[in-house]
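protein.tsv (TSV, C-alpha atoms)
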```tsv
chain	number	residue	atom	x	y	z
A	1	MET	CA	129.59	200.97	38.27
A	2	THR	CA	129.36	197.25	37.53
A	3	GLU	CA	131.89	196.29	40.22
A	4	SER	CA	129.76	197.93	42.91
A	5	MET	CA	126.56	196.54	41.43
A	6	THR	CA	127.75	192.94	41.72
A	7	SER	CA	128.31	193.43	45.45
A	8	GLU	CA	125.15	195.49	46.02
A	9	ILE	CA	122.46	193.09	44.90
A	10	LYS	CA	119.69	193.69	47.41
A	11	ILE	CA	117.94	190.49	48.51
A	12	THR	CA	114.42	190.38	49.92
A	13	LYS	CA	113.39	186.84	50.80
A	14	VAL	CA	109.91	185.32	50.96
A	15	THR	CA	108.61	184.64	54.45
A	16	GLN	CA	107.83	181.02	53.53
A	17	SER	CA	108.90	178.98	50.51
A	18	ARG	CA	106.36	177.19	48.30
A	19	VAL	CA	108.77	174.41	47.38
A	20	SER	CA	107.08	171.89	49.68
A	21	GLU	CA	103.93	172.20	47.56
A	22	VAL	CA	105.68	170.90	44.44
A	23	ASN	CA	106.77	167.37	43.55
A	24	LEU	CA	110.19	168.05	42.11
A	25	GLU	CA	110.63	164.48	40.93
A	26	ASN	CA	107.67	164.66	38.55
A	27	ILE	CA	107.37	168.08	36.99
A	28	THR	CA	107.05	169.71	33.59
A	29	MET	CA	109.19	172.75	32.80
A	30	GLY	CA	107.37	176.05	32.84
A	31	THR	CA	104.43	174.99	35.01
A	32	ASN	CA	105.80	175.90	38.43
A	33	PHE	CA	108.06	178.78	39.36
A	34	THR	CA	110.41	179.37	42.25
A	35	ASP	CA	109.96	181.81	45.09
A	36	HIS	CA	112.06	184.70	43.82
A	37	MET	CA	113.13	186.69	40.77
A	38	PHE	CA	116.10	188.92	39.99
A	39	ILE	CA	115.32	192.35	38.53
A	40	CYS	CA	117.47	195.20	37.23
A	41	ASP	CA	116.26	198.41	35.56
A	42	TYR	CA	117.78	200.30	32.65
A	43	GLU	CA	117.05	204.02	32.99
A	44	ASN	CA	118.87	207.21	32.03
A	45	GLY	CA	121.44	205.25	30.06
A	46	GLU	CA	122.57	202.83	32.77
A	47	TRP	CA	121.57	199.66	34.60
A	48	GLN	CA	120.61	200.26	38.21
A	49	ASN	CA	118.95	198.85	41.32
A	50	PRO	CA	119.85	195.14	40.98
A	51	ARG	CA	117.70	193.13	43.37
A	52	ILE	CA	116.29	189.73	44.20
A	53	GLU	CA	112.75	189.81	45.51
A	54	PRO	CA	109.70	187.57	45.85
A	55	LEU	CA	108.22	186.46	42.53
A	56	ALA	CA	105.32	188.77	41.67
A	57	LEU	CA	103.38	190.28	38.80
A	58	ILE	CA	105.13	193.13	37.01
A	59	PRO	CA	103.21	196.40	36.50
A	60	THR	CA	103.29	197.09	32.75
A	61	HIS	CA	101.98	200.12	30.86
A	62	PRO	CA	99.78	199.20	27.85
A	63	ALA	CA	102.17	201.20	25.67
A	64	ALA	CA	105.26	199.27	26.80
A	65	MET	CA	107.28	199.09	23.60
A	66	ALA	CA	108.02	195.37	23.86
A	67	LEU	CA	104.29	194.71	23.42
A	68	HIS	CA	104.15	196.70	20.19
A	69	TYR	CA	107.57	196.44	18.57
A	70	GLY	CA	108.98	193.21	19.92
A	71	GLN	CA	112.13	194.42	21.67
A	72	ALA	CA	112.38	191.28	23.81
A	73	ILE	CA	115.17	188.70	24.14
A	74	PHE	CA	115.89	185.84	26.50
A	75	GLU	CA	118.34	183.14	27.51
A	76	GLY	CA	117.91	179.61	28.79
A	77	MET	CA	120.18	177.68	31.13
A	78	LYS	CA	120.01	175.04	33.84
A	79	ALA	CA	121.24	174.66	37.39
A	80	THR	CA	122.03	171.28	38.97
A	81	LEU	CA	123.38	170.06	42.31
A	82	GLY	CA	126.94	168.85	42.80
A	83	LYS	CA	127.97	165.83	44.83
A	84	ASP	CA	128.26	167.97	47.97
A	85	GLY	CA	124.94	169.73	47.38
A	86	THR	CA	126.44	172.91	45.90
A	87	PRO	CA	124.29	174.47	43.13
A	88	LEU	CA	126.09	174.37	39.78
A	89	LEU	CA	125.74	176.48	36.63
A	90	PHE	CA	126.77	175.36	33.16
A	91	ARG	CA	128.87	177.93	31.26
A	92	PRO	CA	126.92	181.02	32.40
A	93	GLU	CA	129.51	183.36	30.91
A	94	GLU	CA	128.55	182.06	27.45
A	95	ASN	CA	124.90	182.90	28.12
A	96	ALA	CA	125.97	186.40	29.14
A	97	LYS	CA	127.87	186.85	25.88
A	98	ARG	CA	124.99	185.53	23.77
A	99	MET	CA	122.50	187.72	25.62
A	100	ASN	CA	124.50	190.78	24.66
A	101	PHE	CA	124.85	189.56	21.07
A	102	SER	CA	121.05	189.32	20.91
A	103	ALA	CA	120.67	192.72	22.58
A	104	ASP	CA	122.92	194.35	20.00
A	105	ARG	CA	120.97	192.83	17.11
A	106	MET	CA	117.67	193.99	18.60
A	107	GLY	CA	118.79	197.55	19.37
A	108	MET	CA	118.86	196.97	23.12
A	109	PRO	CA	121.49	197.90	25.73
A	110	SER	CA	124.12	195.36	26.72
A	111	PHE	CA	123.93	193.96	30.24
A	112	PRO	CA	127.14	193.83	32.32
A	113	GLU	CA	128.40	190.27	31.95
A	114	ASP	CA	129.94	190.12	35.42
A	115	LEU	CA	126.62	191.22	36.93
A	116	PHE	CA	124.80	188.63	34.79
A	117	VAL	CA	126.92	185.81	36.21
A	118	GLU	CA	126.89	187.10	39.78
A	119	ALA	CA	123.13	187.60	39.73
A	120	LEU	CA	122.65	184.03	38.53
A	121	LYS	CA	124.96	182.68	41.22
A	122	GLN	CA	123.20	184.52	44.03
A	123	PHE	CA	119.74	183.78	42.66
A	124	THR	CA	120.48	180.06	42.17
A	125	ALA	CA	122.02	179.74	45.62
A	126	LEU	CA	118.88	181.28	47.10
A	127	GLU	CA	116.64	178.86	45.15
A	128	LYS	CA	118.79	175.80	45.89
A	129	ASN	CA	115.92	173.80	47.37
A	130	TRP	CA	114.06	174.02	44.05
A	131	ILE	CA	116.72	172.09	42.13
A	132	PRO	CA	115.50	168.54	41.29
A	133	THR	CA	117.92	165.69	41.93
A	134	SER	CA	116.70	162.97	39.52
A	135	THR	CA	118.80	162.22	36.43
A	136	GLY	CA	118.15	164.61	33.58
A	137	SER	CA	116.22	167.04	35.77
A	138	ALA	CA	117.38	170.55	36.66
A	139	LEU	CA	116.28	174.03	37.61
A	140	TYR	CA	115.63	175.87	34.34
A	141	LEU	CA	116.78	179.50	34.55
A	142	ARG	CA	115.22	182.10	32.27
A	143	PRO	CA	117.05	185.45	32.04
A	144	PHE	CA	115.20	187.89	29.77
A	145	MET	CA	115.16	191.54	28.80
A	146	TYR	CA	112.36	193.63	27.37
A	147	ALA	CA	111.55	197.25	26.55
A	148	ASP	CA	109.20	198.68	29.17
A	149	GLU	CA	109.17	202.31	28.04
A	150	ALA	CA	105.63	203.60	27.46
A	151	PHE	CA	105.83	205.00	23.94
A	152	ILE	CA	104.09	204.40	20.63
A	153	GLY	CA	106.57	205.02	17.83
A	154	MET	CA	109.14	203.15	15.79
A	155	ARG	CA	112.46	203.68	17.55
A	156	ALA	CA	114.65	201.97	20.12
A	157	ALA	CA	113.26	202.16	23.62
A	158	THR	CA	115.12	204.03	26.35
A	159	SER	CA	114.07	201.98	29.38
A	160	PHE	CA	114.28	198.22	29.84
A	161	LYS	CA	113.97	195.53	32.47
A	162	PHE	CA	116.30	192.57	32.90
A	163	ILE	CA	114.76	189.72	34.89
A	164	VAL	CA	115.75	186.20	35.89
A	165	MET	CA	113.10	183.67	36.89
A	166	ALA	CA	113.26	179.90	37.25
A	167	SER	CA	111.20	176.74	36.86
A	168	PRO	CA	112.15	173.21	37.98
A	169	ALA	CA	112.04	170.77	35.07
A	170	GLY	CA	112.30	167.09	34.31
A	171	PRO	CA	113.71	165.68	31.06
A	172	PHE	CA	112.13	167.46	28.08
A	173	PHE	CA	111.95	164.39	25.82
A	174	SER	CA	111.89	160.91	27.35
A	175	ARG	CA	111.81	159.23	23.92
A	176	LYS	CA	113.17	159.68	20.42
A	177	ILE	CA	111.52	162.38	18.36
A	178	LYS	CA	110.08	162.69	14.85
A	179	LEU	CA	110.88	165.74	12.74
A	180	TYR	CA	108.74	167.33	10.03
A	181	ALA	CA	110.82	168.80	7.19
A	182	GLU	CA	108.98	172.09	6.65
A	183	LYS	CA	108.82	173.28	3.02
A	184	LYS	CA	106.39	176.19	3.29
A	185	TYR	CA	107.20	178.17	6.41
A	186	VAL	CA	110.66	179.35	7.42
A	187	ARG	CA	112.26	180.14	10.75
A	188	ALA	CA	114.89	182.66	9.70
A	189	VAL	CA	116.88	184.16	6.84
A	190	ASN	CA	120.40	185.53	6.61
A	191	GLY	CA	120.31	189.13	7.74
A	192	GLY	CA	117.26	188.51	9.91
A	193	THR	CA	117.14	187.80	13.62
A	194	GLY	CA	117.60	184.02	13.51
A	195	GLU	CA	121.02	184.12	15.13
A	196	ALA	CA	119.66	186.19	18.04
A	197	LYS	CA	117.56	184.70	20.81
A	198	ALA	CA	114.69	187.07	20.09
A	199	ALA	CA	111.18	186.36	21.31
A	200	GLY	CA	109.70	187.01	17.87
A	201	ASN	CA	111.63	184.10	16.35
A	202	TYR	CA	109.68	181.72	18.54
A	203	ALA	CA	106.34	183.39	17.91
A	204	ALA	CA	106.80	182.84	14.17
A	205	ALA	CA	107.52	179.15	14.76
A	206	ILE	CA	104.42	178.36	16.80
A	207	ARG	CA	101.90	177.83	13.97
A	208	PRO	CA	104.18	175.64	11.80
A	209	THR	CA	105.06	173.56	14.87
A	210	GLU	CA	101.39	173.02	15.64
A	211	TYR	CA	100.85	171.88	12.06
A	212	ALA	CA	103.73	169.43	12.39
A	213	LYS	CA	102.36	168.03	15.65
A	214	ALA	CA	98.94	167.56	14.05
A	215	LYS	CA	100.64	165.36	11.44
A	216	GLY	CA	102.18	163.16	14.13
A	217	PHE	CA	105.60	164.82	14.41
A	218	ASP	CA	107.26	166.38	17.45
A	219	GLN	CA	109.27	169.26	16.01
A	220	VAL	CA	109.96	171.10	12.77
A	221	LEU	CA	113.15	170.57	10.80
A	222	TRP	CA	113.74	174.08	9.50
A	223	LEU	CA	115.17	174.52	6.00
A	224	ASP	CA	116.54	177.58	4.23
A	225	ALA	CA	114.11	180.23	3.00
A	226	GLN	CA	115.19	180.25	-0.65
A	227	ASP	CA	115.39	176.64	-1.82
A	228	PHE	CA	114.12	174.68	1.20
A	229	GLU	CA	117.22	172.57	0.80
A	230	TYR	CA	119.78	173.60	3.45
A	231	ILE	CA	119.14	172.38	6.98
A	232	GLN	CA	119.13	175.02	9.71
A	233	GLU	CA	117.69	173.99	13.07
A	234	VAL	CA	115.23	171.60	14.73
A	235	GLY	CA	112.42	173.30	16.63
A	236	THR	CA	114.35	175.07	19.38
A	237	MET	CA	117.50	172.99	18.91
A	238	ASN	CA	120.66	172.72	16.86
A	239	ILE	CA	121.09	169.43	15.02
A	240	PHE	CA	123.88	166.89	14.46
A	241	PHE	CA	124.08	163.99	11.98
A	242	LYS	CA	126.44	161.03	12.05
A	243	ILE	CA	127.34	159.79	8.57
A	244	ASP	CA	129.88	157.04	8.00
A	245	GLY	CA	131.33	157.45	11.48
A	246	LYS	CA	131.75	161.24	11.28
A	247	PHE	CA	129.60	164.01	12.72
A	248	ILE	CA	128.36	167.07	10.85
A	249	THR	CA	126.32	170.04	12.02
A	250	PRO	CA	125.15	173.12	10.10
A	251	SER	CA	127.63	175.98	10.19
A	252	LEU	CA	126.55	179.26	11.77
A	253	THR	CA	125.79	181.27	8.66
A	254	GLY	CA	123.74	184.12	10.14
A	255	SER	CA	120.34	182.46	10.47
A	256	ILE	CA	121.18	179.78	13.05
A	257	LEU	CA	121.39	180.30	16.80
A	258	SER	CA	124.80	179.62	18.32
A	259	GLY	CA	123.78	177.03	20.87
A	260	ILE	CA	125.85	176.69	24.04
A	261	THR	CA	124.99	172.99	24.21
A	262	ARG	CA	125.98	172.78	20.53
A	263	MET	CA	129.47	174.20	21.12
A	264	SER	CA	129.87	171.96	24.17
A	265	ILE	CA	128.92	168.82	22.22
A	266	ILE	CA	131.39	169.68	19.48
A	267	ASP	CA	134.18	169.89	22.07
A	268	LEU	CA	133.00	166.74	23.82
A	269	LEU	CA	132.81	164.66	20.63
A	270	ARG	CA	136.25	165.79	19.51
A	271	SER	CA	137.69	164.95	22.92
A	272	LYS	CA	136.36	161.41	22.40
A	273	GLY	CA	138.18	161.12	19.08
A	274	PHE	CA	135.28	161.80	16.71
A	275	GLU	CA	135.62	164.02	13.66
A	276	VAL	CA	133.13	166.90	13.77
A	277	THR	CA	132.64	169.25	10.83
A	278	GLU	CA	130.61	172.45	10.77
A	279	ARG	CA	129.38	173.08	7.23
A	280	PRO	CA	126.26	173.62	5.12
A	281	ILE	CA	124.14	170.44	5.01
A	282	THR	CA	121.37	169.75	2.51
A	283	ILE	CA	118.33	167.58	3.02
A	284	SER	CA	119.27	165.86	-0.26
A	285	GLU	CA	122.58	164.80	1.27
A	286	ILE	CA	120.77	163.28	4.25
A	287	ILE	CA	118.35	161.44	1.94
A	288	GLU	CA	121.25	160.04	-0.09
A	289	ALA	CA	123.11	158.93	3.03
A	290	SER	CA	119.95	157.18	4.19
A	291	LYS	CA	119.63	155.37	0.86
A	292	ASN	CA	123.25	154.20	0.73
A	293	GLY	CA	123.29	153.08	4.36
A	294	THR	CA	125.85	155.56	5.73
A	295	LEU	CA	123.38	157.63	7.78
A	296	GLU	CA	123.80	156.35	11.31
A	297	GLU	CA	122.10	158.76	13.71
A	298	ALA	CA	120.87	162.27	14.34
A	299	PHE	CA	120.17	164.26	17.47
A	300	GLY	CA	119.14	167.75	18.51
A	301	THR	CA	120.92	169.77	21.18
A	302	GLY	CA	119.65	172.59	23.35
A	303	THR	CA	119.50	173.82	26.92
A	304	ALA	CA	115.89	172.77	27.51
A	305	VAL	CA	116.13	169.39	25.80
A	306	GLY	CA	119.75	168.46	26.42
A	307	ILE	CA	120.16	165.74	23.78
A	308	ALA	CA	117.04	164.71	21.83
A	309	MET	CA	117.60	161.62	19.68
A	310	VAL	CA	115.88	161.57	16.29
A	311	GLU	CA	113.81	158.60	15.18
A	312	GLU	CA	112.52	159.89	11.84
A	313	ILE	CA	112.52	162.84	9.45
A	314	GLY	CA	109.53	163.10	7.19
A	315	ASN	CA	106.80	165.07	5.50
A	316	ASN	CA	104.19	164.25	2.88
A	317	ASP	CA	106.67	162.82	0.39
A	318	LEU	CA	109.71	162.08	2.54
A	319	SER	CA	110.56	159.49	5.15
A	320	ILE	CA	114.03	158.99	6.62
A	321	LYS	CA	114.32	156.35	9.32
A	322	PHE	CA	117.22	156.07	11.74
A	323	PRO	CA	118.69	152.92	13.27
A	324	VAL	CA	117.13	151.73	16.50
A	325	GLU	CA	120.31	152.16	18.53
A	326	ASN	CA	122.17	155.48	18.83
A	327	PRO	CA	125.16	154.60	21.00
A	328	VAL	CA	127.17	157.80	20.49
A	329	SER	CA	124.33	160.20	21.28
A	330	VAL	CA	123.49	158.12	24.35
A	331	MET	CA	127.11	158.41	25.46
A	332	VAL	CA	127.11	162.16	24.81
A	333	ASN	CA	123.92	162.66	26.79
A	334	ASP	CA	125.12	160.56	29.71
A	335	THR	CA	128.51	162.30	29.79
A	336	LEU	CA	127.01	165.78	29.70
A	337	ASN	CA	124.57	164.93	32.49
A	338	ALA	CA	127.38	163.40	34.57
A	339	ILE	CA	129.55	166.51	34.18
A	340	LYS	CA	126.66	168.71	35.29
A	341	VAL	CA	126.28	166.86	38.60
A	342	GLN	CA	130.02	166.18	39.15
A	343	ASP	CA	129.71	162.41	38.72
A	344	ILE	CA	132.71	162.71	36.42
A	345	LYS	CA	135.45	165.31	36.34
A	346	ASP	CA	134.81	168.49	34.37
A	347	GLU	CA	137.84	168.48	32.09
A	348	PHE	CA	136.57	171.51	30.17
A	349	GLY	CA	136.06	174.05	32.95
A	350	TRP	CA	132.35	174.39	32.15
A	351	ILE	CA	130.92	174.19	35.66
A	352	VAL	CA	130.56	177.27	37.87
A	353	GLU	CA	129.59	176.91	41.52
A	354	ALA	CA	126.72	179.11	42.67
A	355	LYS	CA	127.82	180.05	46.16
```
Same coordinates, now as structure tokens:
Amino acid sequence: MTESMTSEIKITKVTQSRVSEVNLENITMGTNFTDHMFICDYENGEWQNPRIEPLALIPTHPAAMALHYGQAIFEGMKATLGKDGTPLLFRPEENAKRMNFSADRMGMPSFPEDLFVEALKQFTALEKNWIPTSTGSALYLRPFMYADEAFIGMRAATSFKFIVMASPAGPFFSRKIKLYAEKKYVRAVNGGTGEAKAAGNYAAAIRPTEYAKAKGFDQVLWLDAQDFEYIQEVGTMNIFFKIDGKFITPSLTGSILSGITRMSIIDLLRSKGFEVTERPITISEIIEASKNGTLEEAFGTGTAVGIAMVEEIGNNDLSIKFPVENPVSVMVNDTLNAIKVQDIKDEFGWIVEAK
């Protein structure tokens, strides 16, 4: 079934693109959307009718189960242009795997991974003219799945939609960021849905993030739910610290999302000769390293943000400042961006051409 589906994606193009109406060199992610979307339906126990068609509103029954019970997951990835103008995807097979991990946790059907990648390739190739060319910019791709069965009752849905849409985006953060160490609200707990890319995780984070912004911070530094001591994530990012020349990042213990940028940065740092350790990290350890002068830098990693360098971690009774210069994170960011546009050779096999 999946082999035929990858070759039978029906494409219906718009009569005229809207791309000329948008300034791709000065744009905020999520404010403008490309001409098309990919859609596939799950009915009668199988995925069917894969298609690319003009972007449009989606008819939704008021009893669609995603609206009532939260069966909704998504992925995030970016497309760039290579030196010869070919659209490029960054590790799409990893997004396919993580999508299905999230689907399993949320009681949703898996989506064929070969169809996931092929759909993204065809969709991105069609939307090539929407890909920005300035450094740090890209076409943000948003695959998502939700339960569209009309039913009120607590059980897994039986019909779903898988959709891919896209939005051109400039750099998410153009400056270093300040983090608020949250000690009241929590993002996730072991056994919960924190390691899945479930929509509800982000809904629960909105109010605490707004509180942090009102206090002059950019994102929340999430801590564990029991002691508010162990560091988990930063807003929508994974986090790295450099202490005494070595990098550490929280281990994936069941409440932390397995970031694709995170795993790529680990490989990249190690290839450059740095020691990287995945382990539990406490806020007390970071405070102590700051006091004794061994805390050198910190940065968040994620698809939307790329690399976000940290200037400060604080709350009402805490303030951790970082050095002005962060040479390693700058190098990491520049290297990752260069790989994504083929300015340097992809030694890792991360780049997939969307032809």
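Between Met263 (chain A) and the candidates A:Pro62, A:Glu94, A:Gln122, A:Pro132, the tightest atom-to-atom separation, counting all atoms listed in the file, involves A:Glu94.
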Long-range neighbours of region 270-278 of chain A as a ChimeraX atom specification, 9 Å cut-off, all atoms listed in the file, 4 positions minimum in chain: /A:245-252,265-266
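The interatomic distance for the pair CA of Asn100 (chain A) and CA of Val186 (chain A) works out to 24.9 Å.
Minimum distance to Gly349 (chain A) across A:Thr253, A:Leu120, A:Ser264, A:Met29 (counting all atoms listed in the file) occurs at A:Ser264.
In terms of minimum interatomic distance to Met145 (chain A), A:Ala157 ranks closest within A:Ala157, A:Ala203, A:Val117, A:Ile11, counting only C-alpha atoms.
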Atom-to-atom span, CA of Ser290 (chain A) and CA of Thr236 (chain A), Å: 24.1 Å
Among listed residues A:Glu347, A:Lys340, A:Pro280, A:Tyr180, nearest Asp317 (chain A) (using only C-alpha atoms): A:Tyr180
